[in-house]
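This report refers to the structure that appears directly beneath it.
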Amino acid sequence: MRKNSILNKALSRALSIKRPHKGLGEKLMLDWIANHLPDVAEPHFDGIGNLHVDLRVTPLNRTLFVAHVDTVHRNDGPNKIRKTKGKWYANGAALGADDGAGIAILMQLITQLKPAYYIFTVGEECGGHGATYVAEHDADLLREFDRAIAFDRRGSSDVITHQGYGRCCSDAFGEALSTALMACSNDKLLYMPSDAGIYTDTAEFVDIIPECTNISCGYMYEHSDREELNIDHLVALANTVCRIDWDALPTDRDPSVRESKWAGYDYGGWGKATSVSSFVGGHGHDHGDHGNWYFDDEGYDWDKDILREAIYDARLGITDDLIDLMCDAVYPEDPYLARRYVSAKKLTDEVLDEVMKQVTVYDTDTILCSLYDTLYTGA
């Protein structure tokens with residue numbers, strides 16, 4: 001990444017330290033960002049510790065970029081990385097590309113003086129604390145934007161239109177942004193709108209900002225020691241987003257209208273939630289008039305989060321992660337042996353619907369063992 005020195009520096013710094021919320025690593029990362037901004041930038045911290053950078057030139061610059069600084073690590077300390085030419089891998093703990101990749105992309109945008117507003121948030125991994133603070137204390141600021149963009153999505157092809165089961169951006173915006181990402185990369189990147197998002201900071205802004213999304217930035221298996229980051233994809237994406245005319249993208253969604261993914265469809269009561277962020281983790285507590293829910297760090301079930309992601313992927317025909325989780329749960333001593341006796345063809349929409357309903361009722365291992373029985377073909 002020689003031609004992308006700030007991208008390389010920011011990413012290397014972010015992934016080299018564990019950054020638990022309210023820990024030393026989170027503070028060190030925020031200080032590093034503040035100390036590596038262009039001279040024209042005038043950063044400031046808000047009341048909860050989010051770092052704001054305003055590079056807007058005219059009132060017509062109505063784009064907000066967001067990346068979260070914290071990671072899922074429980075303790076501070078150095079973080080080991082295993083690097084190859086095209087990918088970086090976790091080495092004993094989560095890699096932290098969620099959302100170190102987003103931090104690096106925002107730093108590249110800022111260094112190239114892309115006219116927009118930038119927020120580096122705290123506490124996303126334990127309930128979106130930083131973004132919730134902004135929504136509750138800086139609503140007037142958020143009304144100055146037509147779009148809020150996060151780079152906090154696994155994979156390499158998603159422009160998220162729904163988070164949880166609620167719409168966060170219009171189809172027109174999702175399609176226009178997907179087209180722009182491909183066109184400005186000379187078709188090196190392939191993006192398309194996806195309604196399979198779960199949660200990131202921009203979910204907290206959907207009642208105020210019309211178009212809120214999350215973009216895949218090349219990492220996989222986040223929140224685990226299997227996490228990996230496709231460096232080639234990240235570099236291509238970082239270069240591409242600097243070429244996009246963000247303020248030319250359409251604004252089509254009315255933030256006062258809440259649209260669920262499946263109107264009237266109820267997964268164990270989830271369909272009754274009152275806002276997009278109400279679906280985070282399927283639990284939490286009410287936090288003010290926005291209807292925004294967030295979950296306590298100690299009470300959050302990371303295994304359920306990973307299971308939901310695997311179910312969403314299986315709906316799209318990507319079944320490997322769900323089957324891997326299932327076989328690990330049933331026969332951890334030899335999951336490869338367990339896999340010989342199951343059939344992915346049995347993962348019908350009806351089966352996946354039933355599994356998703358069970359997520360709100362049963363523990364993860366019980367769900368996966370039951371699913372194994374369903375897919376079992378016999379010895």
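Following the order of the structure tokens, chains are lettered A, B, ..., residues in each are numbered from 1, and ligands are numbered from 1.
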| task | Give me the residues within 8 Å of region 118-133 of chain A as a VMD selection string, counting only C-alpha atoms and dropping any in the same chain fewer than 2 places off. | result | chain A and resid 21 to 22 26 30 48 to 55 64 to 72 103 106 116 135 to 138 200 to 202 204 to 205 280 292 294 to 297 300
| request: Compile the contact shell of Gly25 (chain A) as a count of residues only: residues with an atom at most 6 Å away, counting only C-alpha atoms, same-chain residues fewer than 6 positions apart removed. | output: 3
| message | According to DSSP computed on the backbone, where in region 49-276 of chain A is there helix (DSSP H, G or I)? Give the residues as a ChimeraX atom specification. | response | /A:97-111,124-126,129-137,139-142,171-183,201-205,231-241,246-248,270-272,276
| All strand (DSSP E) residues (DSSP, backbone) inside region 50-293 of chain A, as a VMD selection string | chain A and resid 51 to 54 63 to 68 77 to 78 81 to 83 87 to 90 117 to 121 147 to 153 158 to 160 162 to 163 166 to 167 192 to 194 211 to 216 219 to 220 228 to 230 285 to 286 293
| Spatial neighbours of region 302-308 of chain A, 8 Å, only C-alpha atoms, chain gap at least 2 places, as a PyMOL selection string | chain A and resi 223+281+300+310-312+322+325+356+359+364
| 10 Å contact set for region 56-62 of chain A, only C-alpha atoms, chain neighbours under 3 positions out, as a ChimeraX atom specification | /A:53,113-118,142-148,246-248
| request: Excluding Thr84 (chain A) and residues on its chain fewer than 2 positions from it, collect all residues at most 12 Å away from it, counting only C-alpha atoms, and give them as a ChimeraX atom specification. | output: /A:81-82,86-90,228-232
For those residues, write N, CA and C atoms to a file as a PDB file, in the first residue's frame.
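Saved result, selection-v9.pdb, follows:
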```
ATOM      1  N   ILE A  81      -1.079  -9.679  14.294  1.00  0.00           N
ATOM      2  CA  ILE A  81      -1.601  -9.766  12.934  1.00  0.00           C
ATOM      3  C   ILE A  81      -0.713 -10.702  12.123  1.00  0.00           C
ATOM      4  N   ARG A  82      -1.349 -11.518  11.303  1.00  0.00           N
ATOM      5  CA  ARG A  82      -0.591 -12.348  10.358  1.00  0.00           C
ATOM      6  C   ARG A  82      -0.872 -11.810   8.959  1.00  0.00           C
ATOM      7  N   GLY A  86      -2.069 -10.539  -0.009  1.00  0.00           N
ATOM      8  CA  GLY A  86      -3.410 -10.070  -0.319  1.00  0.00           C
ATOM      9  C   GLY A  86      -4.358  -9.994   0.860  1.00  0.00           C
ATOM     10  N   LYS A  87      -3.997 -10.642   1.997  1.00  0.00           N
ATOM     11  CA  LYS A  87      -4.899 -10.663   3.137  1.00  0.00           C
ATOM     12  C   LYS A  87      -4.134 -10.513   4.446  1.00  0.00           C
ATOM     13  N   TRP A  88      -4.809  -9.916   5.421  1.00  0.00           N
ATOM     14  CA  TRP A  88      -4.321  -9.879   6.785  1.00  0.00           C
ATOM     15  C   TRP A  88      -5.249 -10.729   7.631  1.00  0.00           C
ATOM     16  N   TYR A  89      -4.679 -11.463   8.571  1.00  0.00           N
ATOM     17  CA  TYR A  89      -5.450 -12.408   9.369  1.00  0.00           C
ATOM     18  C   TYR A  89      -5.305 -12.127  10.863  1.00  0.00           C
ATOM     19  N   ALA A  90      -6.341 -12.490  11.603  1.00  0.00           N
ATOM     20  CA  ALA A  90      -6.264 -12.478  13.055  1.00  0.00           C
ATOM     21  C   ALA A  90      -5.247 -13.523  13.506  1.00  0.00           C
ATOM     22  N   GLU A 228     -10.510 -12.056   8.983  1.00  0.00           N
ATOM     23  CA  GLU A 228      -9.527 -11.771   7.943  1.00  0.00           C
ATOM     24  C   GLU A 228      -9.958 -10.543   7.162  1.00  0.00           C
ATOM     25  N   LEU A 229      -9.010  -9.882   6.529  1.00  0.00           N
ATOM     26  CA  LEU A 229      -9.277  -8.685   5.743  1.00  0.00           C
ATOM     27  C   LEU A 229      -8.611  -8.794   4.394  1.00  0.00           C
ATOM     28  N   ASN A 230      -9.394  -8.602   3.342  1.00  0.00           N
ATOM     29  CA  ASN A 230      -8.886  -8.598   1.971  1.00  0.00           C
ATOM     30  C   ASN A 230      -8.291  -7.223   1.689  1.00  0.00           C
ATOM     31  N   ILE A 231      -6.977  -7.131   1.730  1.00  0.00           N
ATOM     32  CA  ILE A 231      -6.290  -5.857   1.573  1.00  0.00           C
ATOM     33  C   ILE A 231      -6.474  -5.285   0.168  1.00  0.00           C
ATOM     34  N   ASP A 232      -6.445  -6.127  -0.834  1.00  0.00           N
ATOM     35  CA  ASP A 232      -6.622  -5.650  -2.210  1.00  0.00           C
ATOM     36  C   ASP A 232      -7.976  -4.978  -2.375  1.00  0.00           C
TER      37      ASP A 232
END
```
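If only C-alpha atoms are the atoms counted, then among A:Gly166, A:Gly96, A:Pro43, A:Pro335 the closest residue to Val257 (chain A) is A:Gly166.
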